[in-house]
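Reviewing the structure listed below.
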Amino acid sequence: MGDSGEKDMGRRRFLACGLGAAACVAGCGTERARNVLRTGFSIKAAGRRWAHVGQAFAGAARAAGFAAADGSAITGDSRGGGSGAGHGQGAGDGFAITVSGLPALAAAELNNGQSLLDTATPLARLSGQIEVVVVPARSPVQDFDDFGARLLADPGRTLLAGGPQGEPDHLLFGLVARAIGADGRRVDYTGYPSLAEVASALLAGKAVAAAGPLAGWRAAIGRGRVRALAISSAQRVPDLDVPTLLECGVRVDFADWTAAFGPEDMPDESREPAVRMCEKVIRSGAWEAACLAAGWLPIPLSGDDFARWLGTEIARTRAVLRDLGLLDSTKATTCWGSCGNGH
């Protein structure tokens, strides 16, 4: 990709779906005093779904020696906040570093920019949640090869379930369909607002298979209520005897990732120290420990390397949404609460 493409990528617009709750903390540093790095930057989560990551990132920044411009300790809170990924000033009149992720990117594509709430400067990729494909314990589907064969032969009758349409679970099934050559527009996927509702639908026979975060399905897997067919990461999870999609012959490496962004108009003199701060934090022992405790996959990548990766991720997400018919139709179904459409 040429220099102009990289520059454009560095200012890629995407939607940060704000849900009203923010984790605001004083962050990165450009001034060192008594071995403490101080600055006016702040760290916040774009919405409730990223609040935990935002607070963990803030804690790791604090452990790495970063403090607020006035020298006070970095702390997290859950005050209601803005919904953007970068506009506005942070503590000490600095720039806000916003934690957001894949669902926000996909939402921007689905809205074709019409509901774009903010713009962003890519700073660093932080973490990811591994996804898993599961079936009921007594399902006739024996393994992922069996599931893939059914999906390829008749995607319209291989009922699938997961989180809301266009979000990571749906994207994973779209990537799988694309990889095995199935017609994505015929994929029959029902989205639910909670993992509990997905599990209920799966166990009630309303879906052949479901996808979702491995951390959320672990208990059901451990209790033998469901069987895991494959996980989405490139490497196996050490304490889980489940193959990766790559091992199953499906060329998909996928995670529901989170990342740090600055505002679109972030000047280089602010971006560079912000990237350096992010690099130090995401490669620290404190961040690795936070990821381990939360069940996240640490996937550190920063600066220009992250911007280039983000460009490929945007292209992949857009292509899969198009495969699924979501960019120009409403074929997929999302069930909110009690479903009255026969699912």
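Ligands are numbered from 1 in the order shown, chains are lettered A, B, ... in the order of the structure tokens, and residues start at 1 in each chain.
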
- Using backbone DSSP assignments, extract all alpha helix (DSSP H) residues from stretch 162-231 of chain A; output them as a ChimeraX atom specification. /A:168-180,195-203,214-222

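Comparing the minimum interatomic distances between A:Phe306 and each of A:Phe147, A:Glu279, A:Ser233, A:Ser42, counting only C-alpha atoms, we find that A:Glu279 sits nearest.
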
Proximity of stretch 242-282 of chain A to stretch 221-231 of chain A: per-residue shortest pair, 9 Å limit, only C-alpha atoms, as CSV:
```
residue,atom,partner,partner_atom,distance
A:Val242,CA,A:Ala230,CA,5.7
A:Pro243,CA,A:Ala230,CA,5.1
A:Thr244,CA,A:Ile231,CA,4.8
A:Leu245,CA,A:Ala230,CA,5.7
A:Glu247,CA,A:Ala230,CA,8.8
A:Cys248,CA,A:Ala230,CA,7.8
A:Phe254,CA,A:Ile231,CA,9.0
```

- Item | Counting only C-alpha atoms, the option among A:Asp239, A:Asp188, A:Asp183, A:Asp256 closest to A:Asp169 | A:Asp256

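Here atom CA of A:Cys278 and atom CA of A:Asp265 stand 18.5 Å from one another.
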
- Using only C-alpha atoms, which residue out of A:Ala255, A:Leu152, A:Ile282, A:Leu126 lies closest to A:Ala64?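 Among A:Ala255, A:Leu152, A:Ile282, A:Leu126, it is A:Ile282 that comes nearest to A:Ala64.
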
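Across the structure, atom CA of A:Arg185 and atom CA of A:Pro155 are spaced 8.8 Å apart.
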
- Find the spatial neighbours of A:Ala259, counting only C-alpha atoms, within a cut-off of 12 Å - ignore same-chain residues fewer than 2 positions away - and output them as an MDAnalysis selection string. chainID A and resid 16 43:46 50 53:54 57 85 97:105 120:128 256:257 261:262 275 278:279 282 298:303 306:307 309:310

Store the residues picked out above in a file with N, CA and C atoms, as a CSV table (one decimal), in the first residue's frame.
```csv
chain,number,residue,atom,x,y,z
A,16,ALA,N,-17.8,5.1,16.7
A,16,ALA,CA,-17.5,4.6,18.0
A,16,ALA,C,-18.9,4.6,18.7
A,43,ILE,N,-7.7,8.8,29.1
A,43,ILE,CA,-8.1,7.5,28.5
A,43,ILE,C,-9.6,7.3,28.9
A,44,LYS,N,-10.4,7.0,27.9
A,44,LYS,CA,-11.8,6.8,28.2
A,44,LYS,C,-12.3,5.6,27.3
A,45,ALA,N,-13.4,5.0,27.7
A,45,ALA,CA,-14.0,4.0,26.9
A,45,ALA,C,-15.1,4.6,26.1
A,46,ALA,N,-15.3,4.1,24.8
A,46,ALA,CA,-16.3,4.7,24.0
A,46,ALA,C,-17.7,4.3,24.4
A,50,TRP,N,-16.7,-1.4,26.4
A,50,TRP,CA,-15.3,-1.3,26.4
A,50,TRP,C,-14.8,-0.7,27.8
A,53,VAL,N,-12.1,-2.9,29.6
A,53,VAL,CA,-10.8,-2.8,28.9
A,53,VAL,C,-10.2,-1.4,29.2
A,54,GLY,N,-11.0,-0.4,29.1
A,54,GLY,CA,-10.5,1.0,29.4
A,54,GLY,C,-9.9,1.1,30.8
A,57,PHE,N,-6.6,-0.9,31.0
A,57,PHE,CA,-5.6,-0.1,30.3
A,57,PHE,C,-5.1,1.0,31.2
A,85,ALA,N,-15.0,8.7,19.5
A,85,ALA,CA,-13.7,8.1,19.6
A,85,ALA,C,-12.6,9.1,19.4
A,97,ILE,N,-7.7,9.8,24.6
A,97,ILE,CA,-7.4,8.5,24.0
A,97,ILE,C,-8.6,7.6,24.3
A,98,THR,N,-9.3,7.1,23.2
A,98,THR,CA,-10.5,6.4,23.4
A,98,THR,C,-10.3,4.9,23.1
A,99,VAL,N,-10.8,4.1,23.9
A,99,VAL,CA,-10.8,2.6,23.7
A,99,VAL,C,-12.1,2.2,23.1
A,100,SER,N,-12.0,1.6,21.9
A,100,SER,CA,-13.1,1.2,21.1
A,100,SER,C,-12.7,-0.1,20.4
A,101,GLY,N,-13.5,-0.6,19.4
A,101,GLY,CA,-13.1,-1.9,18.8
A,101,GLY,C,-13.9,-2.2,17.6
A,102,LEU,N,-13.9,-3.5,17.3
A,102,LEU,CA,-14.5,-4.1,16.0
A,102,LEU,C,-16.0,-3.7,15.9
A,103,PRO,N,-16.8,-3.9,16.9
A,103,PRO,CA,-18.2,-3.6,16.7
A,103,PRO,C,-18.5,-2.2,16.2
A,104,ALA,N,-17.6,-1.2,16.7
A,104,ALA,CA,-17.8,0.2,16.2
A,104,ALA,C,-17.4,0.3,14.8
A,105,LEU,N,-16.4,-0.4,14.4
A,105,LEU,CA,-15.9,-0.3,13.0
A,105,LEU,C,-17.0,-0.9,12.1
A,120,ALA,N,-11.2,9.4,14.0
A,120,ALA,CA,-10.2,8.8,14.9
A,120,ALA,C,-8.8,8.7,14.3
A,121,THR,N,-7.8,8.7,15.1
A,121,THR,CA,-6.4,8.5,14.7
A,121,THR,C,-6.0,7.2,15.4
A,122,PRO,N,-5.6,6.1,14.6
A,122,PRO,CA,-5.2,4.9,15.2
A,122,PRO,C,-3.9,5.0,16.0
A,123,LEU,N,-3.9,4.5,17.2
A,123,LEU,CA,-2.7,4.5,18.1
A,123,LEU,C,-2.2,3.1,18.3
A,124,ALA,N,-3.0,2.2,18.8
A,124,ALA,CA,-2.5,0.9,19.2
A,124,ALA,C,-3.6,-0.1,19.3
A,125,ARG,N,-3.4,-1.3,18.9
A,125,ARG,CA,-4.3,-2.5,19.2
A,125,ARG,C,-3.9,-3.0,20.5
A,126,LEU,N,-4.9,-3.3,21.3
A,126,LEU,CA,-4.7,-3.6,22.7
A,126,LEU,C,-4.9,-5.1,23.0
A,127,SER,N,-6.1,-5.6,22.7
A,127,SER,CA,-6.5,-7.0,23.1
A,127,SER,C,-7.5,-7.5,22.2
A,128,GLY,N,-7.8,-8.8,22.4
A,128,GLY,CA,-8.9,-9.4,21.6
A,128,GLY,C,-9.6,-10.5,22.4
A,256,ASP,N,-12.4,-10.5,18.4
A,256,ASP,CA,-13.1,-9.3,18.7
A,256,ASP,C,-12.2,-8.4,19.4
A,257,TRP,N,-11.5,-7.5,18.6
A,257,TRP,CA,-10.4,-6.7,19.1
A,257,TRP,C,-10.8,-5.4,19.7
A,261,PHE,N,-7.6,4.9,20.3
A,261,PHE,CA,-7.6,5.8,19.2
A,261,PHE,C,-7.5,7.3,19.8
A,262,GLY,N,-7.0,8.1,19.0
A,262,GLY,CA,-7.0,9.6,19.3
A,262,GLY,C,-8.0,10.2,18.3
A,275,VAL,N,1.5,7.3,21.1
A,275,VAL,CA,1.8,6.0,20.6
A,275,VAL,C,2.9,5.4,21.5
A,278,CYS,N,1.3,4.1,24.6
A,278,CYS,CA,0.6,2.8,24.4
A,278,CYS,C,1.6,1.7,24.2
A,279,GLU,N,2.7,1.9,23.5
A,279,GLU,CA,3.6,0.8,23.3
A,279,GLU,C,4.2,0.3,24.6
A,282,ILE,N,1.2,-1.6,26.6
A,282,ILE,CA,0.7,-2.9,26.1
A,282,ILE,C,1.7,-4.0,26.1
A,298,PRO,N,-3.7,-10.9,24.5
A,298,PRO,CA,-2.9,-9.7,24.2
A,298,PRO,C,-2.5,-9.7,22.8
A,299,ILE,N,-2.8,-8.7,22.0
A,299,ILE,CA,-2.4,-8.6,20.6
A,299,ILE,C,-1.8,-7.3,20.3
A,300,PRO,N,-0.6,-7.0,20.9
A,300,PRO,CA,0.0,-5.6,20.8
A,300,PRO,C,0.4,-5.3,19.4
A,301,LEU,N,0.0,-4.1,19.0
A,301,LEU,CA,0.5,-3.6,17.7
A,301,LEU,C,0.2,-2.1,17.7
A,302,SER,N,1.2,-1.3,17.3
A,302,SER,CA,1.1,0.2,17.5
A,302,SER,C,1.6,1.0,16.3
A,303,GLY,N,1.2,2.3,16.4
A,303,GLY,CA,1.7,3.2,15.4
A,303,GLY,C,1.3,2.9,14.0
A,306,PHE,N,0.0,-0.6,13.2
A,306,PHE,CA,-1.4,-0.8,13.6
A,306,PHE,C,-2.3,-0.1,12.5
A,307,ALA,N,-1.9,1.0,12.1
A,307,ALA,CA,-2.7,1.7,11.0
A,307,ALA,C,-2.8,0.9,9.8
A,309,TRP,N,-2.5,-2.4,9.6
A,309,TRP,CA,-3.3,-3.6,9.9
A,309,TRP,C,-4.8,-3.2,9.9
A,310,LEU,N,-5.1,-2.0,10.5
A,310,LEU,CA,-6.5,-1.5,10.5
A,310,LEU,C,-7.1,-1.4,9.1
```
